[in-house]
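J.: Quick one: this structure, given as structure tokens, is what I'll be asking you about.
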Amino acid sequence: MADYRDHYPQILAAGATLAALSVDTPEQSESLRLALQLPFPILCDTERRVIREWNVYNPRERGGIAKPSVFVIDADRKVRYAAVDGVATRRPPAEILRMLQKNPGGQPIRSKVYMPRPADWFRALRNNLRR
Amino acid sequence: MLVEGGIAPEIVLADSAGALWRLSAQVVSGPVVLLCYRGHW
């Protein structure tokens with residue numbers, strides 16, 4: 001959390017926002033937010049509804065907690081990036097930031113499928129005639 | 001499982017200060033980075 005706090009200005013500058021989420025009570029989350037001086041909100045999924053729907057629910061610990069995970073969500077709730085870790089680690093903020101800066105403002109990522117241009121068709125036709 | 005390119009389920013939750021936070025409203029102004037963490041223990 002502190003690592004993302006330290007990258008928060010750059011995340012904002014890249015046009016994104018940030019929120020954290022856990023199953024903790026509002027009181028627990030608020031004391032953590034104040035202790036770490038987090039400039040972003042902590043969402044309180046005390047009923048575990050969101051972490052179940054998002055499939056980051058770990059039922060084996062403390063009545064069910066969230067698996068450490070990072071998501072980048074674009075307009076219309078389209079998932080740009082999803083990383084779920086089995087244990088306590090999490091994707092470093094620098095990696096997330098690089099992605100945001102590469103593609104600011106949530107523009108859709110260009111398809112990597114190569115679309116042939118007229119010159120390609122012409123070259124293919126010419127090669128066929130030559131054979 | 002949330003797959004990249006898919007649509008994330010809506011989130012409507014209160015934050016620790018009691019303010020309502022809605023994912024579909026947040027993504028209008030730009031991408032949202034969501035950190036899920038294990039929480040207090």
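Naming works like this for the structure tokens: A, B, ... for the chains as they're shown, residue 1 at the start of each chain, ligands 1 onward in shown order.
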Up to 7 Å from chain B, what residues of chain A turn up? Count only C-alpha atoms and give them as an MDAnalysis selection string.
T.: chainID A and resid 15:24 26:27 29:30 41:45 50 53:55 65:82 105:106
J.: Counting only C-alpha atoms, what is within 10 Å of Ala14 (chain A), bar same-chain residues fewer than 3 positions away, as a list in words?
T.: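 The residues satisfying every condition are Tyr8, Pro9, Gln10, Ile11, Thr17, Leu97, Arg98, Met99, Leu100, Gln101, Lys102, Asn103, Pro104, Gly105 and Gly106 of chain A; Gly30 and Pro31 of chain B.
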J.: Save the residues we just selected, N, CA and C atoms, as a PDB file, in the first residue's frame?
T.:
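File produced: selection.pdb:
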```
ATOM      1  N   TYR A   8       1.550   7.414  -6.189  1.00  0.00           N
ATOM      2  CA  TYR A   8       0.220   7.986  -6.440  1.00  0.00           C
ATOM      3  C   TYR A   8       0.254   9.241  -7.327  1.00  0.00           C
ATOM      4  N   PRO A   9       1.165  10.200  -7.083  1.00  0.00           N
ATOM      5  CA  PRO A   9       1.183  11.393  -7.952  1.00  0.00           C
ATOM      6  C   PRO A   9       1.411  11.041  -9.416  1.00  0.00           C
ATOM      7  N   GLN A  10       2.272  10.067  -9.659  1.00  0.00           N
ATOM      8  CA  GLN A  10       2.538   9.676 -11.048  1.00  0.00           C
ATOM      9  C   GLN A  10       1.353   8.940 -11.662  1.00  0.00           C
ATOM     10  N   ILE A  11       0.651   8.170 -10.846  1.00  0.00           N
ATOM     11  CA  ILE A  11      -0.542   7.471 -11.335  1.00  0.00           C
ATOM     12  C   ILE A  11      -1.609   8.486 -11.729  1.00  0.00           C
ATOM     13  N   THR A  17      -6.884   6.782 -11.644  1.00  0.00           N
ATOM     14  CA  THR A  17      -7.137   6.914 -10.212  1.00  0.00           C
ATOM     15  C   THR A  17      -6.853   5.572  -9.555  1.00  0.00           C
ATOM     16  N   LEU A  97       2.477   1.510 -13.481  1.00  0.00           N
ATOM     17  CA  LEU A  97       2.646   2.885 -13.954  1.00  0.00           C
ATOM     18  C   LEU A  97       3.139   2.921 -15.399  1.00  0.00           C
ATOM     19  N   ARG A  98       4.084   2.037 -15.707  1.00  0.00           N
ATOM     20  CA  ARG A  98       4.597   1.983 -17.086  1.00  0.00           C
ATOM     21  C   ARG A  98       3.467   1.712 -18.066  1.00  0.00           C
ATOM     22  N   MET A  99       2.567   0.822 -17.679  1.00  0.00           N
ATOM     23  CA  MET A  99       1.442   0.478 -18.547  1.00  0.00           C
ATOM     24  C   MET A  99       0.509   1.672 -18.732  1.00  0.00           C
ATOM     25  N   LEU A 100       0.249   2.414 -17.638  1.00  0.00           N
ATOM     26  CA  LEU A 100      -0.644   3.565 -17.711  1.00  0.00           C
ATOM     27  C   LEU A 100      -0.046   4.665 -18.569  1.00  0.00           C
ATOM     28  N   GLN A 101       1.267   4.846 -18.442  1.00  0.00           N
ATOM     29  CA  GLN A 101       1.928   5.922 -19.188  1.00  0.00           C
ATOM     30  C   GLN A 101       2.012   5.586 -20.672  1.00  0.00           C
ATOM     31  N   LYS A 102       2.157   4.279 -20.951  1.00  0.00           N
ATOM     32  CA  LYS A 102       2.235   3.838 -22.334  1.00  0.00           C
ATOM     33  C   LYS A 102       0.901   4.038 -23.030  1.00  0.00           C
ATOM     34  N   ASN A 103      -0.182   3.965 -22.252  1.00  0.00           N
ATOM     35  CA  ASN A 103      -1.519   3.987 -22.835  1.00  0.00           C
ATOM     36  C   ASN A 103      -2.425   4.866 -21.970  1.00  0.00           C
ATOM     37  N   PRO A 104      -2.151   6.187 -21.935  1.00  0.00           N
ATOM     38  CA  PRO A 104      -2.865   7.046 -20.993  1.00  0.00           C
ATOM     39  C   PRO A 104      -4.329   7.241 -21.394  1.00  0.00           C
ATOM     40  N   GLY A 105      -5.125   7.584 -20.403  1.00  0.00           N
ATOM     41  CA  GLY A 105      -6.508   7.942 -20.663  1.00  0.00           C
ATOM     42  C   GLY A 105      -7.395   6.783 -21.049  1.00  0.00           C
ATOM     43  N   GLY A 106      -6.880   5.562 -20.889  1.00  0.00           N
ATOM     44  CA  GLY A 106      -7.728   4.405 -21.131  1.00  0.00           C
ATOM     45  C   GLY A 106      -8.089   4.182 -22.587  1.00  0.00           C
TER      46      GLY A 106
ATOM     47  N   GLY B  30     -11.310   8.123 -16.291  1.00  0.00           N
ATOM     48  CA  GLY B  30      -9.994   7.551 -16.565  1.00  0.00           C
ATOM     49  C   GLY B  30      -9.879   6.162 -15.994  1.00  0.00           C
ATOM     50  N   PRO B  31      -8.769   5.481 -16.313  1.00  0.00           N
ATOM     51  CA  PRO B  31      -8.594   4.122 -15.799  1.00  0.00           C
ATOM     52  C   PRO B  31      -8.526   4.097 -14.278  1.00  0.00           C
TER      53      PRO B  31
END
```
J.: Per DSSP on the backbone, what are the alpha helix (DSSP H) residues of chain B, as a PyMOL selection string?
T.: chain B and resi 23-26
J.: I need the chosen residues saved as a PDB file, in the first residue's frame, with N, CA and C atoms.
T.:
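out17.pdb, written as the output of this step:
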```
ATOM      1  N   LEU B  23     -17.754   1.715  -9.243  1.00  0.00           N
ATOM      2  CA  LEU B  23     -16.738   1.524 -10.290  1.00  0.00           C
ATOM      3  C   LEU B  23     -17.140   2.164 -11.612  1.00  0.00           C
ATOM      4  N   SER B  24     -18.389   1.948 -12.031  1.00  0.00           N
ATOM      5  CA  SER B  24     -18.803   2.455 -13.351  1.00  0.00           C
ATOM      6  C   SER B  24     -18.747   3.976 -13.407  1.00  0.00           C
ATOM      7  N   ALA B  25     -18.903   4.657 -12.267  1.00  0.00           N
ATOM      8  CA  ALA B  25     -18.793   6.118 -12.242  1.00  0.00           C
ATOM      9  C   ALA B  25     -17.322   6.542 -12.264  1.00  0.00           C
ATOM     10  N   GLN B  26     -16.470   5.750 -11.627  1.00  0.00           N
ATOM     11  CA  GLN B  26     -15.052   6.105 -11.530  1.00  0.00           C
ATOM     12  C   GLN B  26     -14.336   5.997 -12.878  1.00  0.00           C
TER      13      GLN B  26
END
```
J.: Run DSSP on the backbone and give me the residues of chain B it puts in strand (DSSP E), as a PyMOL selection string.
T.: chain B and resi 12-14+20-22+32-36
J.: Could you write out that same residue set with C-alpha atoms as a tab-separated table (two decimals), in the first residue's frame?
T.:
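What follows is the written file again_33.tsv:
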```
chain	number	residue	atom	x	y	z
B	12	VAL	CA	-20.80	-0.42	-5.26
B	13	LEU	CA	-19.16	-0.17	-1.85
B	14	ALA	CA	-18.66	2.33	0.93
B	20	LEU	CA	-20.21	5.45	-1.67
B	21	TRP	CA	-17.81	4.34	-4.42
B	22	ARG	CA	-19.10	3.03	-7.72
B	32	VAL	CA	-8.96	2.83	-12.25
B	33	VAL	CA	-6.18	0.87	-10.55
B	34	LEU	CA	-7.77	-1.41	-7.96
B	35	LEU	CA	-5.60	-2.98	-5.27
B	36	CYS	CA	-7.08	-5.87	-3.34
```
